[in-house]
>>> print(open('coords_17.cif').read())   # mmCIF, N, CA, C and O atoms
data_final
#
loop_
_atom_site.group_PDB
_atom_site.id
_atom_site.type_symbol
_atom_site.label_atom_id
_atom_site.label_comp_id
_atom_site.auth_asym_id
_atom_site.auth_seq_id
_atom_site.Cartn_x
_atom_site.Cartn_y
_atom_site.Cartn_z
ATOM 1 N N MET C 1 88.228 72.101 100.479
ATOM 2 C CA MET C 1 88.499 73.375 101.118
ATOM 3 C C MET C 1 89.267 74.254 100.130
ATOM 4 O O MET C 1 90.180 73.791 99.461
ATOM 5 N N TRP C 2 88.877 75.495 100.042
ATOM 6 C CA TRP C 2 89.567 76.481 99.215
ATOM 7 C C TRP C 2 90.277 77.460 100.134
ATOM 8 O O TRP C 2 89.690 77.955 101.095
ATOM 9 N N ILE C 3 91.546 77.756 99.833
ATOM 10 C CA ILE C 3 92.308 78.727 100.609
ATOM 11 C C ILE C 3 92.867 79.758 99.643
ATOM 12 O O ILE C 3 93.506 79.408 98.640
ATOM 13 N N LEU C 4 92.620 81.020 99.951
ATOM 14 C CA LEU C 4 93.140 82.106 99.123
ATOM 15 C C LEU C 4 94.639 82.210 99.360
ATOM 16 O O LEU C 4 95.085 82.595 100.434
ATOM 17 N N ASP C 5 95.418 81.803 98.366
ATOM 18 C CA ASP C 5 96.872 81.792 98.479
ATOM 19 C C ASP C 5 97.443 83.193 98.287
ATOM 20 O O ASP C 5 98.238 83.657 99.092
ATOM 21 N N ARG C 6 97.027 83.852 97.207
ATOM 22 C CA ARG C 6 97.553 85.198 96.938
ATOM 23 C C ARG C 6 96.686 85.897 95.895
ATOM 24 O O ARG C 6 95.908 85.256 95.194
ATOM 25 N N ILE C 7 96.880 87.206 95.828
ATOM 26 C CA ILE C 7 96.202 88.018 94.828
ATOM 27 C C ILE C 7 97.284 88.641 93.965
ATOM 28 O O ILE C 7 98.212 89.267 94.479
ATOM 29 N N GLU C 8 97.170 88.428 92.683
ATOM 30 C CA GLU C 8 98.122 88.959 91.716
ATOM 31 C C GLU C 8 97.372 89.873 90.759
ATOM 32 O O GLU C 8 96.752 89.403 89.803
ATOM 33 N N GLY C 9 97.400 91.155 91.044
ATOM 34 C CA GLY C 9 96.674 92.105 90.211
ATOM 35 C C GLY C 9 95.182 91.859 90.292
ATOM 36 O O GLY C 9 94.594 91.915 91.365
ATOM 37 N N ASP C 10 94.565 91.538 89.163
ATOM 38 C CA ASP C 10 93.119 91.298 89.148
ATOM 39 C C ASP C 10 92.777 89.806 89.208
ATOM 40 O O ASP C 10 91.642 89.415 88.984
ATOM 41 N N ARG C 11 93.773 88.949 89.534
ATOM 42 C CA ARG C 11 93.578 87.501 89.627
ATOM 43 C C ARG C 11 93.790 87.038 91.063
ATOM 44 O O ARG C 11 94.667 87.520 91.763
ATOM 45 N N ALA C 12 92.979 86.080 91.490
ATOM 46 C CA ALA C 12 93.122 85.454 92.800
ATOM 47 C C ALA C 12 93.588 84.019 92.581
ATOM 48 O O ALA C 12 93.004 83.288 91.776
ATOM 49 N N VAL C 13 94.644 83.630 93.283
ATOM 50 C CA VAL C 13 95.167 82.268 93.193
ATOM 51 C C VAL C 13 94.673 81.520 94.428
ATOM 52 O O VAL C 13 94.916 81.927 95.558
ATOM 53 N N ILE C 14 93.967 80.438 94.190
ATOM 54 C CA ILE C 14 93.325 79.669 95.245
ATOM 55 C C ILE C 14 93.868 78.250 95.237
ATOM 56 O O ILE C 14 94.002 77.639 94.172
ATOM 57 N N GLU C 15 94.193 77.744 96.425
ATOM 58 C CA GLU C 15 94.617 76.356 96.571
ATOM 59 C C GLU C 15 93.399 75.544 96.986
ATOM 60 O O GLU C 15 92.695 75.906 97.926
ATOM 61 N N THR C 16 93.164 74.446 96.274
ATOM 62 C CA THR C 16 92.055 73.556 96.587
ATOM 63 C C THR C 16 92.604 72.171 96.891
ATOM 64 O O THR C 16 93.801 71.919 96.710
ATOM 65 N N ASP C 17 91.748 71.274 97.324
ATOM 66 C CA ASP C 17 92.165 69.891 97.557
ATOM 67 C C ASP C 17 92.615 69.226 96.260
ATOM 68 O O ASP C 17 93.384 68.269 96.288
ATOM 69 N N GLN C 18 92.146 69.725 95.126
ATOM 70 C CA GLN C 18 92.484 69.142 93.826
ATOM 71 C C GLN C 18 93.625 69.885 93.126
ATOM 72 O O GLN C 18 93.986 69.536 92.020
ATOM 73 N N GLY C 19 94.175 70.939 93.728
ATOM 74 C CA GLY C 19 95.257 71.699 93.103
ATOM 75 C C GLY C 19 94.946 73.181 93.091
ATOM 76 O O GLY C 19 94.093 73.670 93.825
ATOM 77 N N GLY C 20 95.646 73.898 92.222
ATOM 78 C CA GLY C 20 95.487 75.344 92.144
ATOM 79 C C GLY C 20 94.357 75.763 91.229
ATOM 80 O O GLY C 20 93.944 75.026 90.331
ATOM 81 N N LEU C 21 93.868 76.970 91.475
ATOM 82 C CA LEU C 21 92.762 77.527 90.710
ATOM 83 C C LEU C 21 92.960 79.034 90.653
ATOM 84 O O LEU C 21 93.370 79.647 91.636
ATOM 85 N N GLU C 22 92.711 79.642 89.513
ATOM 86 C CA GLU C 22 92.755 81.094 89.384
ATOM 87 C C GLU C 22 91.371 81.613 89.032
ATOM 88 O O GLU C 22 90.688 81.036 88.187
ATOM 89 N N LEU C 23 90.978 82.682 89.705
ATOM 90 C CA LEU C 23 89.698 83.325 89.452
ATOM 91 C C LEU C 23 89.900 84.826 89.342
ATOM 92 O O LEU C 23 90.855 85.365 89.910
ATOM 93 N N PRO C 24 88.992 85.521 88.660
ATOM 94 C CA PRO C 24 89.048 86.975 88.692
ATOM 95 C C PRO C 24 88.851 87.471 90.129
ATOM 96 O O PRO C 24 88.004 86.959 90.860
ATOM 97 N N ARG C 25 89.625 88.454 90.533
ATOM 98 C CA ARG C 25 89.558 88.989 91.894
ATOM 99 C C ARG C 25 88.149 89.459 92.244
ATOM 100 O O ARG C 25 87.691 89.295 93.374
ATOM 101 N N GLN C 26 87.432 90.002 91.289
ATOM 102 C CA GLN C 26 86.099 90.545 91.570
ATOM 103 C C GLN C 26 85.075 89.473 91.931
ATOM 104 O O GLN C 26 83.999 89.784 92.433
ATOM 105 N N GLN C 27 85.388 88.186 91.721
ATOM 106 C CA GLN C 27 84.476 87.113 92.131
ATOM 107 C C GLN C 27 84.557 86.835 93.632
ATOM 108 O O GLN C 27 83.681 86.171 94.177
ATOM 109 N N LEU C 28 85.597 87.345 94.286
ATOM 110 C CA LEU C 28 85.761 87.138 95.722
ATOM 111 C C LEU C 28 85.138 88.290 96.498
ATOM 112 O O LEU C 28 84.990 89.394 95.971
ATOM 113 N N PRO C 29 84.813 88.053 97.768
ATOM 114 C CA PRO C 29 84.310 89.157 98.590
ATOM 115 C C PRO C 29 85.387 90.243 98.709
ATOM 116 O O PRO C 29 86.582 89.937 98.711
ATOM 117 N N PRO C 30 84.994 91.503 98.804
ATOM 118 C CA PRO C 30 85.980 92.588 98.869
ATOM 119 C C PRO C 30 86.911 92.492 100.080
ATOM 120 O O PRO C 30 88.041 92.963 100.027
ATOM 121 N N ASP C 31 86.460 91.854 101.166
ATOM 122 C CA ASP C 31 87.286 91.763 102.374
ATOM 123 C C ASP C 31 88.148 90.504 102.418
ATOM 124 O O ASP C 31 88.865 90.284 103.398
ATOM 125 N N ALA C 32 88.132 89.676 101.374
ATOM 126 C CA ALA C 32 88.934 88.450 101.354
ATOM 127 C C ALA C 32 90.413 88.801 101.316
ATOM 128 O O ALA C 32 90.834 89.725 100.615
ATOM 129 N N LYS C 33 91.194 88.057 102.123
ATOM 130 C CA LYS C 33 92.635 88.301 102.157
ATOM 131 C C LYS C 33 93.387 86.977 102.152
ATOM 132 O O LYS C 33 92.802 85.916 102.388
ATOM 133 N N GLU C 34 94.681 87.051 101.900
ATOM 134 C CA GLU C 34 95.505 85.854 101.816
ATOM 135 C C GLU C 34 95.366 85.015 103.077
ATOM 136 O O GLU C 34 95.372 85.541 104.183
ATOM 137 N N GLY C 35 95.217 83.708 102.879
ATOM 138 C CA GLY C 35 95.085 82.785 103.997
ATOM 139 C C GLY C 35 93.648 82.487 104.390
ATOM 140 O O GLY C 35 93.402 81.576 105.169
ATOM 141 N N ASP C 36 92.698 83.234 103.859
ATOM 142 C CA ASP C 36 91.295 83.007 104.190
ATOM 143 C C ASP C 36 90.799 81.690 103.591
ATOM 144 O O ASP C 36 91.195 81.309 102.489
ATOM 145 N N VAL C 37 89.928 81.020 104.338
ATOM 146 C CA VAL C 37 89.246 79.827 103.837
ATOM 147 C C VAL C 37 87.985 80.310 103.130
ATOM 148 O O VAL C 37 87.223 81.112 103.677
ATOM 149 N N LEU C 38 87.797 79.849 101.917
ATOM 150 C CA LEU C 38 86.655 80.263 101.100
ATOM 151 C C LEU C 38 85.702 79.100 100.899
ATOM 152 O O LEU C 38 86.105 77.936 100.922
ATOM 153 N N CYS C 39 84.432 79.427 100.688
ATOM 154 C CA CYS C 39 83.450 78.401 100.336
ATOM 155 C C CYS C 39 82.568 78.947 99.220
ATOM 156 O O CYS C 39 82.289 80.137 99.159
ATOM 157 N N SER C 40 82.180 78.054 98.352
ATOM 158 C CA SER C 40 81.325 78.411 97.230
ATOM 159 C C SER C 40 79.885 78.086 97.600
ATOM 160 O O SER C 40 79.577 76.960 98.007
ATOM 161 N N THR C 41 79.003 79.075 97.489
ATOM 162 C CA THR C 41 77.591 78.891 97.816
ATOM 163 C C THR C 41 76.744 79.363 96.642
ATOM 164 O O THR C 41 77.260 79.892 95.662
ATOM 165 N N ALA C 42 75.453 79.219 96.775
ATOM 166 C CA ALA C 42 74.532 79.705 95.741
ATOM 167 C C ALA C 42 74.624 81.226 95.606
ATOM 168 O O ALA C 42 74.347 81.773 94.549
ATOM 169 N N GLN C 43 75.032 81.914 96.681
ATOM 170 C CA GLN C 43 75.174 83.370 96.653
ATOM 171 C C GLN C 43 76.530 83.817 96.116
ATOM 172 O O GLN C 43 76.777 84.999 95.964
ATOM 173 N N GLY C 44 77.419 82.871 95.857
ATOM 174 C CA GLY C 44 78.758 83.191 95.369
ATOM 175 C C GLY C 44 79.815 82.665 96.316
ATOM 176 O O GLY C 44 79.548 81.819 97.162
ATOM 177 N N ILE C 45 81.020 83.188 96.182
ATOM 178 C CA ILE C 45 82.127 82.763 97.034
ATOM 179 C C ILE C 45 82.139 83.622 98.285
ATOM 180 O O ILE C 45 82.089 84.852 98.213
ATOM 181 N N LEU C 46 82.215 82.963 99.439
ATOM 182 C CA LEU C 46 82.205 83.652 100.725
ATOM 183 C C LEU C 46 83.418 83.254 101.547
ATOM 184 O O LEU C 46 83.975 82.175 101.360
ATOM 185 N N VAL C 47 83.812 84.123 102.485
ATOM 186 C CA VAL C 47 84.875 83.797 103.432
ATOM 187 C C VAL C 47 84.237 83.028 104.586
ATOM 188 O O VAL C 47 83.245 83.476 105.169
ATOM 189 N N ASP C 48 84.793 81.873 104.910
ATOM 190 C CA ASP C 48 84.344 81.088 106.053
ATOM 191 C C ASP C 48 85.171 81.558 107.249
ATOM 192 O O ASP C 48 86.290 81.088 107.473
ATOM 193 N N THR C 49 84.636 82.509 108.000
ATOM 194 C CA THR C 49 85.401 83.145 109.074
ATOM 195 C C THR C 49 85.745 82.171 110.192
ATOM 196 O O THR C 49 86.844 82.231 110.750
ATOM 197 N N ALA C 50 84.840 81.257 110.518
ATOM 198 C CA ALA C 50 85.119 80.282 111.579
ATOM 199 C C ALA C 50 86.252 79.344 111.161
ATOM 200 O O ALA C 50 87.175 79.095 111.933
ATOM 201 N N ALA C 51 86.202 78.825 109.947
ATOM 202 C CA ALA C 51 87.253 77.926 109.458
ATOM 203 C C ALA C 51 88.576 78.669 109.326
ATOM 204 O O ALA C 51 89.642 78.108 109.619
ATOM 205 N N THR C 52 88.529 79.921 108.908
ATOM 206 C CA THR C 52 89.750 80.720 108.800
ATOM 207 C C THR C 52 90.384 80.904 110.167
ATOM 208 O O THR C 52 91.597 80.735 110.332
ATOM 209 N N ALA C 53 89.584 81.230 111.175
ATOM 210 C CA ALA C 53 90.106 81.417 112.535
ATOM 211 C C ALA C 53 90.717 80.127 113.064
ATOM 212 O O ALA C 53 91.808 80.145 113.663
ATOM 213 N N ARG C 54 90.048 78.988 112.848
ATOM 214 C CA ARG C 54 90.590 77.700 113.297
ATOM 215 C C ARG C 54 91.919 77.399 112.612
ATOM 216 O O ARG C 54 92.886 76.975 113.248
ATOM 217 N N ARG C 55 91.965 77.639 111.324
ATOM 218 C CA ARG C 55 93.184 77.359 110.553
ATOM 219 C C ARG C 55 94.328 78.248 111.026
ATOM 220 O O ARG C 55 95.445 77.776 111.214
ATOM 221 N N ARG C 56 94.058 79.520 111.228
ATOM 222 C CA ARG C 56 95.106 80.430 111.716
ATOM 223 C C ARG C 56 95.605 80.002 113.090
ATOM 224 O O ARG C 56 96.802 80.060 113.376
ATOM 225 N N GLN C 57 94.695 79.552 113.957
ATOM 226 C CA GLN C 57 95.079 79.106 115.290
ATOM 227 C C GLN C 57 95.934 77.837 115.211
ATOM 228 O O GLN C 57 96.939 77.716 115.921
ATOM 229 N N GLU C 58 95.543 76.901 114.353
ATOM 230 C CA GLU C 58 96.328 75.673 114.179
ATOM 231 C C GLU C 58 97.736 75.985 113.675
ATOM 232 O O GLU C 58 98.722 75.399 114.150
ATOM 233 N N ILE C 59 97.841 76.892 112.720
ATOM 234 C CA ILE C 59 99.150 77.263 112.182
ATOM 235 C C ILE C 59 99.993 77.948 113.253
ATOM 236 O O ILE C 59 101.187 77.660 113.390
ATOM 237 N N ALA C 60 99.386 78.827 114.027
ATOM 238 C CA ALA C 60 100.116 79.512 115.102
ATOM 239 C C ALA C 60 100.622 78.504 116.135
ATOM 240 O O ALA C 60 101.758 78.626 116.625
ATOM 241 N N GLU C 61 99.816 77.503 116.455
ATOM 242 C CA GLU C 61 100.221 76.487 117.416
ATOM 243 C C GLU C 61 101.376 75.652 116.869
ATOM 244 O O GLU C 61 102.338 75.359 117.583
ATOM 245 N N LYS C 62 101.319 75.267 115.608
ATOM 246 C CA LYS C 62 102.421 74.517 114.997
ATOM 247 C C LYS C 62 103.703 75.343 115.016
ATOM 248 O O LYS C 62 104.783 74.826 115.329
ATOM 249 N N TYR C 63 103.587 76.610 114.700
ATOM 250 C CA TYR C 63 104.746 77.494 114.700
ATOM 251 C C TYR C 63 105.322 77.607 116.108
ATOM 252 O O TYR C 63 106.533 77.543 116.315
ATOM 253 N N ARG C 64 104.453 77.750 117.120
ATOM 254 C CA ARG C 64 104.899 77.851 118.500
ATOM 255 C C ARG C 64 105.659 76.582 118.914
ATOM 256 O O ARG C 64 106.717 76.649 119.533
ATOM 257 N N ARG C 65 105.123 75.407 118.532
ATOM 258 C CA ARG C 65 105.785 74.143 118.873
ATOM 259 C C ARG C 65 107.142 74.035 118.191
ATOM 260 O O ARG C 65 108.117 73.566 118.789
ATOM 261 N N LEU C 66 107.231 74.457 116.929
ATOM 262 C CA LEU C 66 108.510 74.419 116.222
ATOM 263 C C LEU C 66 109.539 75.332 116.894
ATOM 264 O O LEU C 66 110.694 74.970 117.053
ATOM 265 N N ARG C 67 109.105 76.511 117.293
ATOM 266 C CA ARG C 67 110.015 77.475 117.934
ATOM 267 C C ARG C 67 110.491 76.976 119.280
ATOM 268 O O ARG C 67 111.601 77.273 119.702
ATOM 269 N N SER C 68 109.660 76.211 119.979
ATOM 270 C CA SER C 68 110.037 75.748 121.317
ATOM 271 C C SER C 68 111.011 74.568 121.270
ATOM 272 O O SER C 68 111.585 74.216 122.289
ATOM 273 N N ARG C 69 111.212 73.986 120.117
ATOM 274 C CA ARG C 69 112.153 72.861 119.964
ATOM 275 C C ARG C 69 113.602 73.302 120.090
ATOM 276 O O ARG C 69 114.467 72.515 120.390
ATOM 277 N N LYS C 70 113.882 74.541 119.813
ATOM 278 C CA LYS C 70 115.280 75.034 119.799
ATOM 279 C C LYS C 70 115.861 75.128 121.164
ATOM 280 O O LYS C 70 115.330 75.236 122.160
#
>>> encode(input="coords_17.cif", output="structure tokens")
Amino acid sequence: MWILDRIEGDRAVIETDQGGLELPRQQLPPDAKEGDVLCSTAQGILVDTAATARRRQEIAEKYRRLRSRK
């Protein structure tokens, strides 16, 4: 799984299962934003919108559980 960690100027920093990766920003879709799950296909790098939504929901749920502990 690739996750877009941040964009630094014209470079995109991506976290992968094997570690970090930097790519030119122009290799990503124009609508890609931090936290998006990316996938590499024959057509290039795409945003996996379903996986991104699931991941955001999981993170929100973890955050909610942490907040309710107080």
>>> closest_residue(input="coords_17.cif", among="C:Ile14, C:Gly19, C:Gln26, C:Trp2", to="Asp48 (chain C)", atoms="all atoms listed in the file")
C:Trp2
>>> axis_aligned_box(input="coords_17.cif", around="region 6-11 of chain C", padding_each_side="5 Å", output="lines of an AutoDock Vina configuration file")
center_x = 94.9
center_y = 88.0
center_z = 93.1
size_x = 16.6
size_y = 18.3
size_z = 18.2
>>> resolve_selection(input="coords_17.cif", expression="the PyMOL selection byres ((chain C and resi 9) around 8)", output="PDB file with N, CA, C and O atoms, in the frame of the given file")
ATOM      1  N   ARG C   6      97.027  83.852  97.207  1.00  0.00           N
ATOM      2  CA  ARG C   6      97.553  85.198  96.938  1.00  0.00           C
ATOM      3  C   ARG C   6      96.686  85.897  95.895  1.00  0.00           C
ATOM      4  O   ARG C   6      95.908  85.256  95.194  1.00  0.00           O
ATOM      5  N   ILE C   7      96.880  87.206  95.828  1.00  0.00           N
ATOM      6  CA  ILE C   7      96.202  88.018  94.828  1.00  0.00           C
ATOM      7  C   ILE C   7      97.284  88.641  93.965  1.00  0.00           C
ATOM      8  O   ILE C   7      98.212  89.267  94.479  1.00  0.00           O
ATOM      9  N   GLU C   8      97.170  88.428  92.683  1.00  0.00           N
ATOM     10  CA  GLU C   8      98.122  88.959  91.716  1.00  0.00           C
ATOM     11  C   GLU C   8      97.372  89.873  90.759  1.00  0.00           C
ATOM     12  O   GLU C   8      96.752  89.403  89.803  1.00  0.00           O
ATOM     13  N   ASP C  10      94.565  91.538  89.163  1.00  0.00           N
ATOM     14  CA  ASP C  10      93.119  91.298  89.148  1.00  0.00           C
ATOM     15  C   ASP C  10      92.777  89.806  89.208  1.00  0.00           C
ATOM     16  O   ASP C  10      91.642  89.415  88.984  1.00  0.00           O
ATOM     17  N   ARG C  11      93.773  88.949  89.534  1.00  0.00           N
ATOM     18  CA  ARG C  11      93.578  87.501  89.627  1.00  0.00           C
ATOM     19  C   ARG C  11      93.790  87.038  91.063  1.00  0.00           C
ATOM     20  O   ARG C  11      94.667  87.520  91.763  1.00  0.00           O
ATOM     21  N   ALA C  12      92.979  86.080  91.490  1.00  0.00           N
ATOM     22  CA  ALA C  12      93.122  85.454  92.800  1.00  0.00           C
ATOM     23  C   ALA C  12      93.588  84.019  92.581  1.00  0.00           C
ATOM     24  O   ALA C  12      93.004  83.288  91.776  1.00  0.00           O
ATOM     25  N   LEU C  23      90.978  82.682  89.705  1.00  0.00           N
ATOM     26  CA  LEU C  23      89.698  83.325  89.452  1.00  0.00           C
ATOM     27  C   LEU C  23      89.900  84.826  89.342  1.00  0.00           C
ATOM     28  O   LEU C  23      90.855  85.365  89.910  1.00  0.00           O
ATOM     29  N   PRO C  24      88.992  85.521  88.660  1.00  0.00           N
ATOM     30  CA  PRO C  24      89.048  86.975  88.692  1.00  0.00           C
ATOM     31  C   PRO C  24      88.851  87.471  90.129  1.00  0.00           C
ATOM     32  O   PRO C  24      88.004  86.959  90.860  1.00  0.00           O
ATOM     33  N   ARG C  25      89.625  88.454  90.533  1.00  0.00           N
ATOM     34  CA  ARG C  25      89.558  88.989  91.894  1.00  0.00           C
ATOM     35  C   ARG C  25      88.149  89.459  92.244  1.00  0.00           C
ATOM     36  O   ARG C  25      87.691  89.295  93.374  1.00  0.00           O
ATOM     37  N   GLN C  26      87.432  90.002  91.289  1.00  0.00           N
ATOM     38  CA  GLN C  26      86.099  90.545  91.570  1.00  0.00           C
ATOM     39  C   GLN C  26      85.075  89.473  91.931  1.00  0.00           C
ATOM     40  O   GLN C  26      83.999  89.784  92.433  1.00  0.00           O
TER      41      GLN C  26
END
>>> closest_residue(input="coords_17.cif", among="C:Leu66, C:Leu21, C:Cys39, C:Ile45", to="Asp5 (chain C)", atoms="only N, CA, C and O atoms")
C:Leu21
>>> atom_distance(input="coords_17.cif", atom1="CA of Gly35 (chain C)", atom2="CA of Val47 (chain C)")
10.3 Å
>>> atom_distance(input="coords_17.cif", atom1="atom N of Ala53 (chain C)", atom2="CA of Val37 (chain C)")
7.5 Å
>>> select_by_dssp(input="coords_17.cif", residues="chain C", states="helix (DSSP H, G or I)", output="number ranges by chain")
C: 25-27, 49-68
>>> closest_residue(input="coords_17.cif", among="C:Pro30, C:Ala50, C:Arg56, C:Leu38", to="Val13 (chain C)", atoms="only C-alpha atoms")
C:Leu38
>>> closest_residue(input="coords_17.cif", among="C:Asp36, C:Glu15, C:Ala42, C:Glu61", to="Met1 (chain C)", atoms="only N, CA, C and O atoms")
C:Glu15
>>> select_by_dssp(input="coords_17.cif", residues="chain C", states="strand (DSSP E or B)", output="list in words")
Trp2, Ile3, Leu4, Asp5, Arg6, Ile7, Glu8, Arg11, Ala12, Val13, Ile14, Glu15, Thr16, Gly19, Gly20, Leu21, Glu22, Leu23, Pro24, Val37, Leu38, Cys39, Ser40, Thr41, Gly44, Ile45, Leu46 and Val47 of chain C
>>> atom_distance(input="coords_17.cif", atom1="atom C of Thr49 (chain C)", atom2="CA of Arg67 (chain C)")
25.9 Å
